[in-house]
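Raw work.cif, mmCIF, N, CA and C atoms:
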data_data
#
loop_
_atom_site.label_atom_id
_atom_site.label_comp_id
_atom_site.auth_asym_id
_atom_site.auth_seq_id
_atom_site.Cartn_x
_atom_site.Cartn_y
_atom_site.Cartn_z
N MET A 1143 0.86 -1.17 0.00
CA MET A 1143 0.00 0.00 0.00
C MET A 1143 0.90 1.23 0.00
N GLN A 1144 0.71 2.11 -0.95
CA GLN A 1144 1.46 3.35 -1.03
C GLN A 1144 0.76 4.41 -0.17
N VAL A 1145 1.53 5.11 0.67
CA VAL A 1145 0.97 6.12 1.59
C VAL A 1145 1.78 7.39 1.45
N LYS A 1146 1.09 8.51 1.22
CA LYS A 1146 1.78 9.80 1.17
C LYS A 1146 2.13 10.23 2.58
N ILE A 1147 3.37 10.71 2.75
CA ILE A 1147 3.85 11.11 4.06
C ILE A 1147 4.75 12.34 3.91
N LYS A 1148 4.69 13.22 4.89
CA LYS A 1148 5.57 14.39 4.90
C LYS A 1148 6.22 14.46 6.28
N ARG A 1149 7.55 14.64 6.28
CA ARG A 1149 8.28 14.89 7.52
C ARG A 1149 8.43 16.40 7.70
N ILE A 1150 8.16 16.91 8.86
CA ILE A 1150 8.35 18.34 9.16
C ILE A 1150 9.85 18.64 9.20
N ASP A 1151 10.60 17.79 9.87
CA ASP A 1151 12.05 17.91 9.98
C ASP A 1151 12.66 16.72 9.24
N THR A 1152 13.23 16.97 8.07
CA THR A 1152 13.73 15.86 7.24
C THR A 1152 15.03 15.26 7.78
N SER A 1153 15.61 15.82 8.83
CA SER A 1153 16.80 15.21 9.41
C SER A 1153 16.44 14.03 10.31
N LEU A 1154 15.16 13.92 10.69
CA LEU A 1154 14.69 12.76 11.45
C LEU A 1154 14.27 11.68 10.46
N PRO A 1155 14.38 10.40 10.86
CA PRO A 1155 14.11 9.32 9.89
C PRO A 1155 12.63 9.17 9.56
N LEU A 1156 12.39 8.57 8.39
CA LEU A 1156 11.04 8.11 8.07
C LEU A 1156 10.68 7.02 9.06
N PRO A 1157 9.39 6.83 9.32
CA PRO A 1157 9.02 5.74 10.24
C PRO A 1157 9.41 4.39 9.66
N GLU A 1158 9.68 3.44 10.56
CA GLU A 1158 10.10 2.11 10.15
C GLU A 1158 9.30 1.04 10.86
N TYR A 1159 9.09 -0.07 10.16
CA TYR A 1159 8.61 -1.29 10.78
C TYR A 1159 9.88 -2.00 11.25
N GLN A 1160 10.02 -2.25 12.53
CA GLN A 1160 11.29 -2.74 13.08
C GLN A 1160 11.60 -4.20 12.76
N THR A 1161 10.57 -5.02 12.47
CA THR A 1161 10.80 -6.42 12.11
C THR A 1161 9.90 -6.77 10.93
N SER A 1162 10.15 -7.90 10.30
CA SER A 1162 9.34 -8.32 9.16
C SER A 1162 7.91 -8.64 9.57
N GLY A 1163 7.67 -8.96 10.82
CA GLY A 1163 6.32 -9.27 11.29
C GLY A 1163 5.63 -8.12 12.00
N ALA A 1164 6.28 -6.97 12.09
CA ALA A 1164 5.69 -5.83 12.80
C ALA A 1164 4.48 -5.29 12.04
N VAL A 1165 3.40 -5.00 12.76
CA VAL A 1165 2.20 -4.43 12.14
C VAL A 1165 2.12 -2.92 12.35
N ALA A 1166 2.97 -2.40 13.23
CA ALA A 1166 2.98 -0.96 13.51
C ALA A 1166 4.37 -0.41 13.24
N PHE A 1167 4.41 0.88 12.89
CA PHE A 1167 5.69 1.55 12.67
C PHE A 1167 5.93 2.53 13.81
N ASP A 1168 7.20 2.82 14.06
CA ASP A 1168 7.57 3.68 15.18
C ASP A 1168 7.33 5.15 14.89
N LEU A 1169 7.02 5.88 15.95
CA LEU A 1169 6.86 7.33 15.90
C LEU A 1169 7.96 7.95 16.76
N TYR A 1170 8.60 8.98 16.23
CA TYR A 1170 9.70 9.66 16.91
C TYR A 1170 9.26 11.03 17.39
N SER A 1171 9.84 11.48 18.49
CA SER A 1171 9.57 12.84 18.96
C SER A 1171 10.35 13.82 18.10
N ARG A 1172 9.67 14.88 17.66
CA ARG A 1172 10.34 15.90 16.84
C ARG A 1172 11.16 16.86 17.68
N GLN A 1173 10.92 16.90 18.98
CA GLN A 1173 11.63 17.87 19.81
C GLN A 1173 11.84 17.34 21.22
N ASP A 1174 12.75 17.99 21.94
CA ASP A 1174 12.94 17.70 23.35
C ASP A 1174 11.75 18.25 24.13
N LEU A 1175 11.25 17.47 25.07
CA LEU A 1175 10.12 17.89 25.89
C LEU A 1175 10.32 17.47 27.33
N THR A 1176 9.77 18.25 28.24
CA THR A 1176 9.67 17.86 29.64
C THR A 1176 8.19 17.81 29.97
N ILE A 1177 7.72 16.67 30.44
CA ILE A 1177 6.30 16.49 30.75
C ILE A 1177 6.16 16.45 32.26
N ALA A 1178 5.43 17.40 32.79
CA ALA A 1178 5.25 17.53 34.24
C ALA A 1178 4.46 16.33 34.79
N PRO A 1179 4.64 16.03 36.07
CA PRO A 1179 3.89 14.93 36.68
C PRO A 1179 2.39 15.16 36.61
N LYS A 1180 1.65 14.08 36.42
CA LYS A 1180 0.18 14.08 36.45
C LYS A 1180 -0.42 15.06 35.44
N THR A 1181 0.23 15.20 34.29
CA THR A 1181 -0.30 16.10 33.26
C THR A 1181 -0.37 15.38 31.91
N ILE A 1182 -1.18 15.95 31.02
CA ILE A 1182 -1.30 15.48 29.65
C ILE A 1182 -0.47 16.39 28.76
N ALA A 1183 0.24 15.79 27.84
CA ALA A 1183 1.08 16.57 26.91
C ALA A 1183 0.93 15.99 25.51
N LEU A 1184 1.29 16.81 24.53
CA LEU A 1184 1.30 16.38 23.13
C LEU A 1184 2.74 16.29 22.66
N ILE A 1185 3.10 15.12 22.14
CA ILE A 1185 4.44 14.93 21.59
C ILE A 1185 4.33 15.01 20.07
N PRO A 1186 4.97 16.00 19.44
CA PRO A 1186 4.92 16.08 17.97
C PRO A 1186 5.74 14.95 17.36
N THR A 1187 5.14 14.22 16.40
CA THR A 1187 5.80 13.04 15.83
C THR A 1187 6.52 13.32 14.52
N ASN A 1188 6.48 14.55 14.05
CA ASN A 1188 7.21 14.95 12.86
C ASN A 1188 6.54 14.52 11.56
N LEU A 1189 5.34 13.92 11.64
CA LEU A 1189 4.73 13.34 10.44
C LEU A 1189 3.37 13.92 10.12
N ILE A 1190 3.13 14.10 8.85
CA ILE A 1190 1.79 14.31 8.30
C ILE A 1190 1.57 13.13 7.37
N VAL A 1191 0.51 12.37 7.61
CA VAL A 1191 0.25 11.14 6.86
C VAL A 1191 -1.12 11.23 6.20
N GLU A 1192 -1.17 10.93 4.91
CA GLU A 1192 -2.45 10.87 4.22
C GLU A 1192 -2.95 9.43 4.32
N THR A 1193 -3.79 9.20 5.32
CA THR A 1193 -4.32 7.86 5.56
C THR A 1193 -5.20 7.45 4.39
N PRO A 1194 -4.94 6.29 3.79
CA PRO A 1194 -5.72 5.87 2.62
C PRO A 1194 -7.20 5.68 2.93
N VAL A 1195 -8.03 5.90 1.92
CA VAL A 1195 -9.47 5.66 2.04
C VAL A 1195 -9.68 4.21 2.45
N GLY A 1196 -10.60 3.99 3.38
CA GLY A 1196 -10.88 2.64 3.87
C GLY A 1196 -10.05 2.24 5.07
N TYR A 1197 -9.21 3.17 5.56
CA TYR A 1197 -8.36 2.90 6.71
C TYR A 1197 -8.45 4.04 7.72
N MET A 1198 -8.07 3.74 8.95
CA MET A 1198 -7.76 4.77 9.93
C MET A 1198 -6.35 4.47 10.41
N LEU A 1199 -5.71 5.44 10.96
CA LEU A 1199 -4.38 5.26 11.52
C LEU A 1199 -4.53 5.31 13.02
N THR A 1200 -4.18 4.24 13.72
CA THR A 1200 -4.24 4.23 15.18
C THR A 1200 -2.86 4.57 15.72
N VAL A 1201 -2.84 5.33 16.81
CA VAL A 1201 -1.60 5.80 17.41
C VAL A 1201 -1.63 5.44 18.89
N VAL A 1202 -0.55 4.79 19.35
CA VAL A 1202 -0.43 4.38 20.75
C VAL A 1202 1.01 4.59 21.21
N THR A 1203 1.24 4.42 22.51
CA THR A 1203 2.62 4.42 22.99
C THR A 1203 3.25 3.08 22.63
N ARG A 1204 4.55 3.03 22.61
CA ARG A 1204 5.24 1.75 22.46
C ARG A 1204 4.97 0.93 23.71
N SER A 1205 5.03 -0.38 23.62
CA SER A 1205 4.70 -1.22 24.77
C SER A 1205 5.62 -0.98 25.96
N SER A 1206 6.85 -0.53 25.72
CA SER A 1206 7.79 -0.28 26.81
C SER A 1206 7.63 1.11 27.43
N THR A 1207 6.90 2.00 26.79
CA THR A 1207 6.82 3.39 27.25
C THR A 1207 6.20 3.55 28.65
N PRO A 1208 5.11 2.86 28.99
CA PRO A 1208 4.58 3.03 30.35
C PRO A 1208 5.60 2.63 31.43
N LYS A 1209 6.29 1.51 31.23
CA LYS A 1209 7.25 1.06 32.23
C LYS A 1209 8.51 1.92 32.27
N LYS A 1210 9.04 2.26 31.10
CA LYS A 1210 10.29 3.02 31.04
C LYS A 1210 10.10 4.51 31.32
N LYS A 1211 8.97 5.07 30.85
CA LYS A 1211 8.79 6.52 30.92
C LYS A 1211 7.64 6.96 31.84
N GLY A 1212 6.73 6.05 32.15
CA GLY A 1212 5.57 6.44 32.97
C GLY A 1212 4.54 7.23 32.17
N LEU A 1213 4.43 6.91 30.87
CA LEU A 1213 3.50 7.63 30.00
C LEU A 1213 2.50 6.65 29.39
N LEU A 1214 1.25 7.08 29.32
CA LEU A 1214 0.18 6.33 28.66
C LEU A 1214 -0.61 7.26 27.77
N VAL A 1215 -1.26 6.72 26.75
CA VAL A 1215 -2.24 7.50 25.99
C VAL A 1215 -3.49 7.54 26.87
N PRO A 1216 -3.96 8.72 27.27
CA PRO A 1216 -5.02 8.81 28.28
C PRO A 1216 -6.33 8.13 27.91
N HIS A 1217 -6.64 8.01 26.66
CA HIS A 1217 -7.89 7.38 26.25
C HIS A 1217 -7.64 6.05 25.54
N GLY A 1218 -6.48 5.47 25.70
CA GLY A 1218 -6.15 4.17 25.14
C GLY A 1218 -5.48 4.22 23.78
N ILE A 1219 -6.15 4.82 22.79
CA ILE A 1219 -5.56 4.96 21.46
C ILE A 1219 -5.92 6.32 20.89
N GLY A 1220 -5.14 6.75 19.94
CA GLY A 1220 -5.49 7.92 19.16
C GLY A 1220 -5.92 7.44 17.78
N ILE A 1221 -6.90 8.10 17.22
CA ILE A 1221 -7.38 7.75 15.88
C ILE A 1221 -7.14 8.92 14.95
N ILE A 1222 -6.43 8.65 13.86
CA ILE A 1222 -6.16 9.67 12.85
C ILE A 1222 -7.10 9.40 11.68
N ASP A 1223 -7.95 10.37 11.38
CA ASP A 1223 -8.93 10.23 10.31
C ASP A 1223 -8.30 10.38 8.93
N GLN A 1224 -9.03 9.93 7.91
CA GLN A 1224 -8.56 9.98 6.53
C GLN A 1224 -8.38 11.41 6.02
N ASP A 1225 -9.13 12.36 6.58
CA ASP A 1225 -9.04 13.74 6.08
C ASP A 1225 -8.14 14.63 6.94
N TYR A 1226 -7.35 14.04 7.85
CA TYR A 1226 -6.43 14.80 8.68
C TYR A 1226 -5.04 14.70 8.05
N HIS A 1227 -4.77 15.54 7.04
CA HIS A 1227 -3.47 15.50 6.40
C HIS A 1227 -3.10 16.82 5.73
N GLY A 1228 -3.61 17.91 6.27
CA GLY A 1228 -3.23 19.22 5.75
C GLY A 1228 -1.84 19.63 6.21
N GLU A 1229 -1.36 20.73 5.71
CA GLU A 1229 -0.01 21.20 6.02
C GLU A 1229 0.23 21.43 7.51
N LYS A 1230 -0.81 21.67 8.29
CA LYS A 1230 -0.64 21.91 9.73
C LYS A 1230 -1.13 20.73 10.57
N ASP A 1231 -1.36 19.58 9.92
CA ASP A 1231 -1.93 18.42 10.61
C ASP A 1231 -0.87 17.40 11.02
N GLU A 1232 0.16 17.87 11.73
CA GLU A 1232 1.17 16.96 12.25
C GLU A 1232 0.51 16.00 13.25
N ILE A 1233 0.84 14.75 13.16
CA ILE A 1233 0.32 13.77 14.13
C ILE A 1233 0.99 14.03 15.47
N MET A 1234 0.16 14.14 16.49
CA MET A 1234 0.64 14.35 17.85
C MET A 1234 0.30 13.12 18.67
N LEU A 1235 1.23 12.68 19.48
CA LEU A 1235 0.98 11.58 20.41
C LEU A 1235 0.60 12.19 21.74
N GLN A 1236 -0.67 12.04 22.12
CA GLN A 1236 -1.14 12.57 23.39
C GLN A 1236 -0.80 11.57 24.49
N VAL A 1237 -0.10 12.04 25.53
CA VAL A 1237 0.32 11.16 26.61
C VAL A 1237 -0.03 11.76 27.97
N TYR A 1238 -0.19 10.88 28.93
CA TYR A 1238 -0.42 11.28 30.32
C TYR A 1238 0.75 10.77 31.15
N ASN A 1239 1.40 11.66 31.89
CA ASN A 1239 2.48 11.28 32.79
C ASN A 1239 1.84 10.88 34.12
N PHE A 1240 1.78 9.58 34.38
CA PHE A 1240 1.13 9.10 35.60
C PHE A 1240 2.09 9.01 36.78
N THR A 1241 3.31 9.50 36.61
CA THR A 1241 4.29 9.44 37.70
C THR A 1241 4.27 10.74 38.51
N ASP A 1242 5.07 10.74 39.57
CA ASP A 1242 5.24 11.93 40.40
C ASP A 1242 6.50 12.71 40.01
N GLN A 1243 7.12 12.33 38.89
CA GLN A 1243 8.36 12.95 38.43
C GLN A 1243 8.16 13.54 37.03
N GLU A 1244 8.99 14.53 36.70
CA GLU A 1244 9.01 15.01 35.32
C GLU A 1244 9.54 13.90 34.43
N VAL A 1245 9.02 13.83 33.22
CA VAL A 1245 9.50 12.86 32.23
C VAL A 1245 10.15 13.63 31.10
N LEU A 1246 11.38 13.25 30.77
CA LEU A 1246 12.11 13.90 29.70
C LEU A 1246 12.01 13.06 28.43
N ILE A 1247 11.66 13.71 27.34
CA ILE A 1247 11.61 13.10 26.02
C ILE A 1247 12.65 13.81 25.18
N THR A 1248 13.48 13.05 24.49
CA THR A 1248 14.50 13.67 23.66
C THR A 1248 14.12 13.61 22.19
N ARG A 1249 14.57 14.61 21.46
CA ARG A 1249 14.34 14.66 20.02
C ARG A 1249 14.86 13.38 19.38
N GLY A 1250 14.05 12.76 18.54
CA GLY A 1250 14.44 11.54 17.86
C GLY A 1250 14.15 10.27 18.63
N GLU A 1251 13.67 10.40 19.87
CA GLU A 1251 13.35 9.23 20.68
C GLU A 1251 12.09 8.55 20.15
N ARG A 1252 12.09 7.22 20.11
CA ARG A 1252 10.91 6.47 19.70
C ARG A 1252 9.95 6.42 20.89
N VAL A 1253 8.81 7.07 20.74
CA VAL A 1253 7.87 7.18 21.85
C VAL A 1253 6.53 6.51 21.58
N GLY A 1254 6.24 6.26 20.32
CA GLY A 1254 4.94 5.69 19.99
C GLY A 1254 5.02 4.79 18.80
N GLN A 1255 3.87 4.27 18.44
CA GLN A 1255 3.76 3.47 17.23
C GLN A 1255 2.39 3.68 16.62
N ALA A 1256 2.30 3.39 15.34
CA ALA A 1256 1.04 3.60 14.62
C ALA A 1256 0.81 2.45 13.66
N ALA A 1257 -0.47 2.14 13.43
CA ALA A 1257 -0.83 1.06 12.52
C ALA A 1257 -2.06 1.47 11.72
N PHE A 1258 -2.08 1.06 10.47
CA PHE A 1258 -3.26 1.27 9.63
C PHE A 1258 -4.25 0.14 9.92
N VAL A 1259 -5.51 0.52 10.10
CA VAL A 1259 -6.57 -0.45 10.41
C VAL A 1259 -7.70 -0.23 9.42
N ARG A 1260 -8.16 -1.30 8.78
CA ARG A 1260 -9.30 -1.20 7.86
C ARG A 1260 -10.55 -0.80 8.62
N VAL A 1261 -11.33 0.07 8.00
CA VAL A 1261 -12.58 0.51 8.61
C VAL A 1261 -13.70 0.52 7.57
N ASP A 1262 -14.89 0.51 8.06
CA ASP A 1262 -16.07 0.62 7.21
C ASP A 1262 -16.99 1.63 7.87
N ARG A 1263 -17.89 2.20 7.12
CA ARG A 1263 -18.87 3.13 7.67
C ARG A 1263 -20.23 2.45 7.64
N GLY A 1264 -20.90 2.49 8.76
CA GLY A 1264 -22.21 1.86 8.85
C GLY A 1264 -23.31 2.77 8.31
N GLU A 1265 -24.35 2.13 7.83
CA GLU A 1265 -25.58 2.85 7.46
C GLU A 1265 -26.62 2.44 8.49
N TRP A 1266 -27.19 3.41 9.18
CA TRP A 1266 -28.11 3.11 10.28
C TRP A 1266 -29.46 2.63 9.76
N GLN A 1267 -29.94 1.60 10.39
CA GLN A 1267 -31.28 1.08 10.12
C GLN A 1267 -32.00 1.09 11.46
N GLU A 1268 -32.70 2.18 11.72
CA GLU A 1268 -33.36 2.33 13.02
C GLU A 1268 -34.57 1.40 13.12
N VAL A 1269 -34.69 0.73 14.27
CA VAL A 1269 -35.80 -0.18 14.52
C VAL A 1269 -36.47 0.19 15.84
N ASN A 1270 -37.67 -0.28 16.05
CA ASN A 1270 -38.39 -0.02 17.31
C ASN A 1270 -38.03 -1.03 18.39
N GLU A 1271 -37.59 -2.23 17.98
CA GLU A 1271 -37.22 -3.27 18.93
C GLU A 1271 -36.03 -4.04 18.41
N MET A 1272 -35.24 -4.56 19.34
CA MET A 1272 -34.14 -5.44 18.99
C MET A 1272 -34.60 -6.87 19.26
N LYS A 1273 -33.77 -7.85 18.90
CA LYS A 1273 -34.16 -9.24 19.12
C LYS A 1273 -34.46 -9.47 20.60
N GLU A 1274 -35.34 -10.40 20.85
CA GLU A 1274 -35.86 -10.60 22.20
C GLU A 1274 -34.81 -11.11 23.17
N THR A 1275 -33.95 -12.03 22.74
CA THR A 1275 -32.97 -12.57 23.66
C THR A 1275 -31.86 -11.57 23.94
N SER A 1276 -31.43 -11.54 25.19
CA SER A 1276 -30.36 -10.64 25.61
C SER A 1276 -29.26 -11.48 26.26
N ARG A 1277 -28.06 -11.05 26.12
CA ARG A 1277 -26.97 -11.80 26.77
C ARG A 1277 -26.77 -11.40 28.22
N GLY A 1278 -27.57 -10.43 28.69
CA GLY A 1278 -27.52 -10.13 30.12
C GLY A 1278 -27.06 -8.74 30.49
N GLY A 1279 -26.66 -7.94 29.56
CA GLY A 1279 -26.27 -6.57 29.88
C GLY A 1279 -24.78 -6.38 30.03
N PHE A 1280 -24.37 -5.16 30.30
CA PHE A 1280 -22.96 -4.77 30.40
C PHE A 1280 -22.25 -5.56 31.47
N GLY A 1281 -21.14 -6.19 31.11
CA GLY A 1281 -20.32 -6.91 32.07
C GLY A 1281 -20.86 -8.27 32.47
N SER A 1282 -21.89 -8.77 31.78
CA SER A 1282 -22.55 -10.00 32.23
C SER A 1282 -21.79 -11.26 31.87
N THR A 1283 -20.83 -11.18 30.94
CA THR A 1283 -20.14 -12.41 30.54
C THR A 1283 -18.92 -12.70 31.40
N GLY A 1284 -18.53 -11.78 32.23
CA GLY A 1284 -17.37 -12.00 33.11
C GLY A 1284 -17.78 -12.65 34.41
N SER A 1285 -16.79 -12.93 35.25
CA SER A 1285 -17.10 -13.56 36.54
C SER A 1285 -17.22 -12.53 37.64
#
Here is a file; write its structure as structure tokens.
Amino acid sequence: MQVKIKRIDTSLPLPEYQTSGAVAFDLYSRQDLTIAPKTIALIPTNLIVETPVGYMLTVVTRSSTPKKKGLLVPHGIGIIDQDYHGEKDEIMLQVYNFTDQEVLITRGERVGQAAFVRVDRGEWQEVNEMKETSRGGFGSTGS
């Protein structure tokens, strides 16, 4: 799949898939940042990506980032829409510093990853009733 991409700072590398089986590519910080304790910050990833039609781009922290840095994406994942690719639409990795210490991010550090995910758009068919059987409600399948 061919994807149009623009780097804000061309001295930083293009994103890479680190192994032949990797489904996500790494995101690098475009600048040095200090993230205060218990705060949300935006890390500029240096990229503008034209997500292909039929896909969304999901953005998350690397699996090691919570343990090594104390950072999480506050809502689990970021979703980059297909029409978010204008000249000022740099992808930002939103993170929450859950520690009691400042977290330092250095320019060029791998802080996140992103993957293309196929999507479809639903067409609503409103009904007055749903099927009679219910599985029991929210949380009913767990113990």
Could you give me, as a PyMOL selection string, each residue of region 1176-1254 of chain A that DSSP assigns to alpha helix (DSSP H) when run on this structure's backbone? chain A and resi 1207-1211
If you run DSSP on the backbone here, which positions in region 1162-1194 of chain A get strand (DSSP E)? Please write them as a list in words.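 These are the residues in question: Phe1167, Asp1168, Leu1169, Tyr1170, Leu1175, Thr1176, Ile1177, Ile1182, Ala1183, Leu1184, Ile1185, Pro1186, Leu1189, Ile1190, Val1191 and Glu1192 of chain A.
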Which centre and edge lengths in Å to one decimal define the box along x, y and z that fits every listed atom of region 1238-1255 of chain A plus 5 Å per side, as JSON?
{"center_x": 7.2, "center_y": 9.2, "center_z": 28.5, "size_x": 25.3, "size_y": 21.5, "size_z": 33.8}
Could you list the residues chosen by the PyMOL selection byres (((chain A and resi 1228 and name CA) around 12) and name CA) in this structure as a list in words? Lys1146, Ile1147, Lys1148, Leu1189, Ile1190, Val1191, Glu1192, Thr1193, Asp1223, Gln1224, Asp1225, Tyr1226, His1227, Glu1229, Lys1230, Asp1231, Glu1232 and Ile1233 of chain A
Selection result of the PyMOL selection byres ((chain A and resi 1244) around 6) on this file, as a ChimeraX atom specification: /A:1177-1179,1242-1243,1245-1246
Pick from A:Val1269, A:Ile1221, A:Ala1164, A:Leu1213, whichever lies nearest to Ile1182 (chain A) using only C-alpha atoms: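 Of A:Val1269, A:Ile1221, A:Ala1164, A:Leu1213, the one nearest Ile1182 (chain A) is A:Leu1213, counting only C-alpha atoms.
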Name every residue that the PyMOL selection byres ((chain A and resi 1217-1219) around 8) selects in this structure, writing the answer as a list in words with chains first and numbers rising.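 On the file shown, the PyMOL selection byres ((chain A and resi 1217-1219) around 8) covers Thr1200, Val1201, Val1202, Thr1203, Leu1214, Val1215, Pro1216, Gly1220, Ile1221, Ile1222, Gln1236, Val1237 and Tyr1238 of chain A.
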Between CA of Pro1194 (chain A) and atom C of Val1145 (chain A), what is the distance in Å, rounded to a tenth?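 Spanning CA of Pro1194 (chain A) to atom C of Val1145 (chain A) is a straight-line distance of 7.7 Å.
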To one decimal place, how far is CA of Leu1156 (chain A) from CA of Glu1251 (chain A) in Å? 12.9 Å
Env of Asn1188 (chain A): 6 Å cut, atoms = only C-alpha atoms, seq-sep filter 4 positions within chain, self excluded. Answer as number ranges by chain. A: 1149-1150, 1172
What's the separation between CA of Phe1167 (chain A) and CA of Gly1264 (chain A), in Å to one decimal place?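 Separating CA of Phe1167 (chain A) from CA of Gly1264 (chain A) is a distance of 28.2 Å.
Restricting the calculation to only C-alpha atoms, the smallest distance between Arg1252 (chain A) and any of A:Ala1183, A:Leu1169, A:Met1234, A:Leu1199 is found for A:Leu1169.
Nearest residue to Asp1168 (chain A) among A:Val1261, A:Met1272, A:Ile1247, A:Val1253 is A:Val1253, counting all atoms listed in the file.
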Closest of A:Gly1196, A:Gly1212, A:Pro1186, A:Pro1155 to Ser1171 (chain A), counting only N, CA and C atoms, is A:Pro1186
Which of these, A:Thr1152, A:Gln1144, A:Gln1173, A:Gln1160, has the shortest distance to Arg1249 (chain A) once you count all atoms listed in the file? A:Gln1173
If we count only C-alpha atoms, what is near Arg1204 (chain A) at a cut-off of 7 Å, once residues fewer than 3 positions away on the same chain are taken out, given as number ranges by chain? A: 1207, 1253-1255
